[in-house]
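Trainee: Below are the structure tokens for one structure; questions will follow.
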Amino acid sequence: MKQWIKRVFLVVISSILFLMVYLFYEMNRGESSEDKQQVVNVFTARHYQIDNEIFREFTKQTGIQVNEVKGTAEELVERMKREGKGSSADLFIAVDGGALNFAKQSGVLQPITSEIFLRNVPEEWRDPDNYWAGIATRSRVIVYAKDRVNPDQLSTYEDLTSELWKGKVLVRSASSLYNQSLLASFIELYGESEAEKWAEGIARNLSRDPEGGDRAQAKAIAAKVGDVAIMNTYYIGQMSASPDPEEREIVENLGVLFPNQQTTGAHMNISGIGLAKHTPNKDNALKLAEFLTSSEGQTMLTQGSYEFPVNGEANMPEMLKNWKNFKQQPVDIASLGRFHKQTKEIFERVGWK
Ligand code: FE
């Protein structure tokens, strides 16, 4: 009898010991694998395919997983504000200097101090306090039907408002940040009443009510809905490299004109990045910011999106190399956001939908 109890006792004790060792091992394994999985959470308002490829390359090189949270710049900033110290956001990425400045003003960013990053991005494309910096630039230019337009008759944004182009101008809607910033640049350069005159002239000359994005305007030129359009440079580049032969053909028949080369220069805007105020993974966030602006990251970006790189070491597509030396508006991009309310009112007054 005693032998029997002893045996049961031994089996129970060894089972408990085994279980304890097993549990201890499992718990530690869980903890250490969590420690090893490094992440960076990117709140991004950009919608370009190349960003995902760059993030994948970054993960390949560093082992840091990139989690994307998408939304409009306004939505993302609101969320970061609402979540406060508990926010998971590490990096904020947006298009438009006004949107980036809105994030700064909303108090959801902090200055970026990485020396590598600041070396990668020239001062002209940075917030004066380094709360955000550009990762790419683009110009808003005029394109025209090569077979129907004599480019000698067209050299400025203002020309598009003349009688000559009545019923021939194509541009997307007034709700586009691209148009708001363009008009804001005219307010800054010439004052509100001149800017309004310009918007009025464009609205008067439109060949149809605004519809679709920038690509749709190029397509409308091909379909002879209009002869001239306002669009961002990178859409021309992306269409020229499109897998769709129709898009490539459309671009072949388009002339590209950098406006106001004898006067105030072509309008510029940026895509940019900011460090979240309460970033939980600051080191990883800075590493990604450094990679995005490195010559490798910038080459990937410009080759994929056809935006202009901010880092001069990047290797641009041929098309961009040919465009590179054009006169740019001497406008402080950060400041354009403060005119957006005014621009919306102007668009409404002049009937630019
Ligand atoms: Fe775009």
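Each chain of the structure tokens is named A, B, ... in the order shown, its residues numbered from 1; ligands are numbered from 1 in display order.
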Please build the interface table for chain A against ligand 1 with a cut-off of 10 Å, listing for each qualifying residue the nearest atom pair and the distance in Å to one decimal; count only C-alpha atoms and all ligand atoms, order rows by chain and increasing number, and write it as JSON lines.

Mentor:
{"residue": "A:Arg46", "atom": "CA", "partner": "ligand 1", "partner_atom_place_in_ligand_line": "1 (Fe)", "distance": 8.0}
{"residue": "A:His47", "atom": "CA", "partner": "ligand 1", "partner_atom_place_in_ligand_line": "1 (Fe)", "distance": 7.6}
{"residue": "A:Tyr48", "atom": "CA", "partner": "ligand 1", "partner_atom_place_in_ligand_line": "1 (Fe)", "distance": 8.0}
{"residue": "A:Val95", "atom": "CA", "partner": "ligand 1", "partner_atom_place_in_ligand_line": "1 (Fe)", "distance": 7.9}
{"residue": "A:Asp96", "atom": "CA", "partner": "ligand 1", "partner_atom_place_in_ligand_line": "1 (Fe)", "distance": 9.7}
{"residue": "A:Arg138", "atom": "CA", "partner": "ligand 1", "partner_atom_place_in_ligand_line": "1 (Fe)", "distance": 9.5}
{"residue": "A:Ser176", "atom": "CA", "partner": "ligand 1", "partner_atom_place_in_ligand_line": "1 (Fe)", "distance": 9.6}
{"residue": "A:Leu177", "atom": "CA", "partner": "ligand 1", "partner_atom_place_in_ligand_line": "1 (Fe)", "distance": 9.5}
{"residue": "A:Tyr178", "atom": "CA", "partner": "ligand 1", "partner_atom_place_in_ligand_line": "1 (Fe)", "distance": 8.2}
{"residue": "A:Gly213", "atom": "CA", "partner": "ligand 1", "partner_atom_place_in_ligand_line": "1 (Fe)", "distance": 8.1}
{"residue": "A:Asp214", "atom": "CA", "partner": "ligand 1", "partner_atom_place_in_ligand_line": "1 (Fe)", "distance": 7.6}
{"residue": "A:Arg215", "atom": "CA", "partner": "ligand 1", "partner_atom_place_in_ligand_line": "1 (Fe)", "distance": 9.4}
{"residue": "A:Met231", "atom": "CA", "partner": "ligand 1", "partner_atom_place_in_ligand_line": "1 (Fe)", "distance": 9.5}
{"residue": "A:Asn232", "atom": "CA", "partner": "ligand 1", "partner_atom_place_in_ligand_line": "1 (Fe)", "distance": 7.4}
{"residue": "A:Thr233", "atom": "CA", "partner": "ligand 1", "partner_atom_place_in_ligand_line": "1 (Fe)", "distance": 9.7}
{"residue": "A:Tyr234", "atom": "CA", "partner": "ligand 1", "partner_atom_place_in_ligand_line": "1 (Fe)", "distance": 8.0}
{"residue": "A:Tyr235", "atom": "CA", "partner": "ligand 1", "partner_atom_place_in_ligand_line": "1 (Fe)", "distance": 7.4}
{"residue": "A:Ser271", "atom": "CA", "partner": "ligand 1", "partner_atom_place_in_ligand_line": "1 (Fe)", "distance": 9.6}
{"residue": "A:Ser305", "atom": "CA", "partner": "ligand 1", "partner_atom_place_in_ligand_line": "1 (Fe)", "distance": 9.6}
{"residue": "A:Glu307", "atom": "CA", "partner": "ligand 1", "partner_atom_place_in_ligand_line": "1 (Fe)", "distance": 9.9}

Trainee: With C-alpha atoms retained, could you export that selection as an mmCIF file, in the first residue's frame?

Mentor:
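File produced: selection.cif:
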data_model
loop_
_atom_site.group_PDB
_atom_site.id
_atom_site.type_symbol
_atom_site.label_atom_id
_atom_site.label_comp_id
_atom_site.auth_asym_id
_atom_site.auth_seq_id
_atom_site.Cartn_x
_atom_site.Cartn_y
_atom_site.Cartn_z
ATOM 1 C CA ARG A 46 -0.267 58.872 -49.685
ATOM 2 C CA HIS A 47 -1.770 56.454 -52.153
ATOM 3 C CA TYR A 48 1.146 55.477 -54.371
ATOM 4 C CA VAL A 95 0.995 65.171 -49.633
ATOM 5 C CA ASP A 96 0.857 68.974 -49.666
ATOM 6 C CA ARG A 138 6.226 67.836 -57.875
ATOM 7 C CA SER A 176 -8.406 69.078 -54.726
ATOM 8 C CA LEU A 177 -5.601 70.173 -52.416
ATOM 9 C CA TYR A 178 -3.444 70.537 -55.534
ATOM 10 C CA GLY A 213 -8.244 63.284 -61.126
ATOM 11 C CA ASP A 214 -5.243 64.652 -63.025
ATOM 12 C CA ARG A 215 -4.964 61.574 -65.277
ATOM 13 C CA MET A 231 -1.815 68.560 -63.972
ATOM 14 C CA ASN A 232 0.987 67.384 -61.717
ATOM 15 C CA THR A 233 4.231 66.296 -63.369
ATOM 16 C CA TYR A 234 4.392 62.807 -61.845
ATOM 17 C CA TYR A 235 1.110 61.715 -63.435
ATOM 18 C CA SER A 271 5.094 64.946 -50.204
ATOM 19 C CA SER A 305 6.390 57.619 -58.612
ATOM 20 C CA GLU A 307 8.125 62.685 -58.274
#

Trainee: What residues in stretch 46-248 of chain A get the DSSP label helix (DSSP H, G or I)? Please answer as an MDAnalysis selection string.

Mentor: chainID A and resid 49:62 73:86 97:105 115:120 123:125 151:153 158:161 163:165 177:190 192:205 214:222 233:240 245:248

Trainee: Could you check which of A:Ser207, A:Thr44, A:Ser185, A:Asn311 is closest to A:Tyr157, using only C-alpha atoms?

Mentor: A:Ser185

Trainee: As a PyMOL selection string, please: the residues near A:Arg338 (cut-off 9 Å, only C-alpha atoms, same-chain neighbours under 6 positions excluded).

Mentor: chain A and resi 98+101-102+184

Trainee: Which residue, A:Glu313, A:Asp244, A:Glu345, A:Glu57, has the smallest gap to A:Arg119 when you use only C-alpha atoms?

Mentor: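 Checking each of A:Glu313, A:Asp244, A:Glu345, A:Glu57 against A:Arg119, counting only C-alpha atoms, the winner is A:Glu313.
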
Trainee: In terms of the shortest atom-to-atom distance over only C-alpha atoms, which of A:Tyr144, A:Trp198, A:Tyr190, A:Phe55 is closest to A:Ala218?

Mentor: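 Using only C-alpha atoms, A:Ala218 sits closest to A:Tyr144.
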
Trainee: Skip A:Lys70 itself and residues of its chain fewer than 2 positions away, then list as a ChimeraX atom specification all residues within 12 Å of it, counting only C-alpha atoms.

Mentor: /A:41-48,67-68,72-77,79,89,91-94

Trainee: Between A:Arg56, A:Lys324, A:His267, A:Lys277, which is the closest to A:Leu189 once you count only C-alpha atoms?

Mentor: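 Using only C-alpha atoms, A:Leu189 sits closest to A:His267.
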
Trainee: I'd like the neighbourhood of A:Gln110 as a list in words, where a residue qualifies if any of its atoms comes within 10 Å (using only C-alpha atoms), though same-chain residues fewer than 6 positions away should be ignored.

Mentor: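 In the requested format, the answer is Lys104, Asp129, Asn130, Tyr131, Trp132, Gly274, Leu275, Ala276, Lys277, His278 and Thr279 of chain A.
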
Trainee: Write out the residues from the selection above, keeping C-alpha atoms, as a compact mmCIF listing (two decimals), in the first residue's frame.

Mentor:
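Ended up saving to selection16.txt:
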# COMPACT_ATOMS: atom_id res chain seq x y z
CA LYS A 104 2.45 70.68 -36.99
CA ASP A 129 11.78 73.86 -36.96
CA ASN A 130 12.15 70.44 -38.61
CA TYR A 131 8.68 69.26 -37.54
CA TRP A 132 8.35 67.88 -41.07
CA GLY A 274 6.80 64.11 -39.81
CA LEU A 275 7.74 62.37 -36.56
CA ALA A 276 4.73 61.72 -34.31
CA LYS A 277 4.84 63.56 -31.00
CA HIS A 278 4.23 60.40 -28.95
CA THR A 279 6.00 57.89 -31.19

Trainee: At a cut-off of 12 Å, using only C-alpha atoms, what residues contact A:Asn322? Leave out same-chain residues fewer than 6 positions from it and give the result as a PyMOL selection string.

Mentor: chain A and resi 237+256+258+308+316

Trainee: Write the residues of the preceding selection, restricted to C-alpha atoms, as a short mmCIF file (atom, residue, chain, number, x, y, z; two decimals), in the first residue's frame.

Mentor:
data_model
loop_
_atom_site.label_atom_id
_atom_site.label_comp_id
_atom_site.auth_asym_id
_atom_site.auth_seq_id
_atom_site.Cartn_x
_atom_site.Cartn_y
_atom_site.Cartn_z
CA GLY A 237 5.67 60.30 -65.85
CA VAL A 256 4.42 69.56 -71.32
CA PHE A 258 6.46 74.53 -67.29
CA PHE A 308 11.31 64.74 -58.03
CA MET A 316 15.98 60.10 -61.60
#

Trainee: Atom CA of A:Val228 and atom CA of A:Pro317 are how many Å apart?

Mentor: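 It comes out at 24.8 Å.
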
Trainee: Taking a cut-off of 9 Å and counting only C-alpha atoms, can you build a table that, for each residue of stretch 81-176 of chain A near stretch 283-304 of chain A, reports the nearest atom pair and how far apart they are in Å (one decimal), sorted by chain then residue number, as CSV?

Mentor:
residue,atom,partner,partner_atom,distance
A:Asp90,CA,A:Ala285,CA,5.8
A:Leu91,CA,A:Ala285,CA,6.1
A:Ile112,CA,A:Leu286,CA,7.9
A:Thr113,CA,A:Leu286,CA,8.8
A:Ser114,CA,A:Leu286,CA,6.8
A:Ile116,CA,A:Glu290,CA,6.4
A:Phe117,CA,A:Glu290,CA,4.9
A:Leu118,CA,A:Glu290,CA,8.7
A:Asn120,CA,A:Thr293,CA,5.7
A:Val121,CA,A:Thr293,CA,6.9
A:Gly134,CA,A:Thr293,CA,8.8
A:Ile135,CA,A:Thr293,CA,6.1
A:Ala136,CA,A:Thr302,CA,7.8

Trainee: Counting only C-alpha atoms, which of A:Pro280, A:Val149, A:Ala133, A:Ser155 gets nearest to A:Lys85?

Mentor: A:Pro280

Trainee: Which of these, A:Ser240, A:Gln38, A:Thr137, A:Asn179, has the shortest distance to A:Pro309 once you count only C-alpha atoms?

Mentor: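 Closest residue, counting only C-alpha atoms: A:Thr137.
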
Trainee: Provide the atom CA of A:Asp147 to atom CA of A:Asn260 distance in Å, to one decimal place.

Mentor: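 Computing it gives 22.5 Å between the two atoms.
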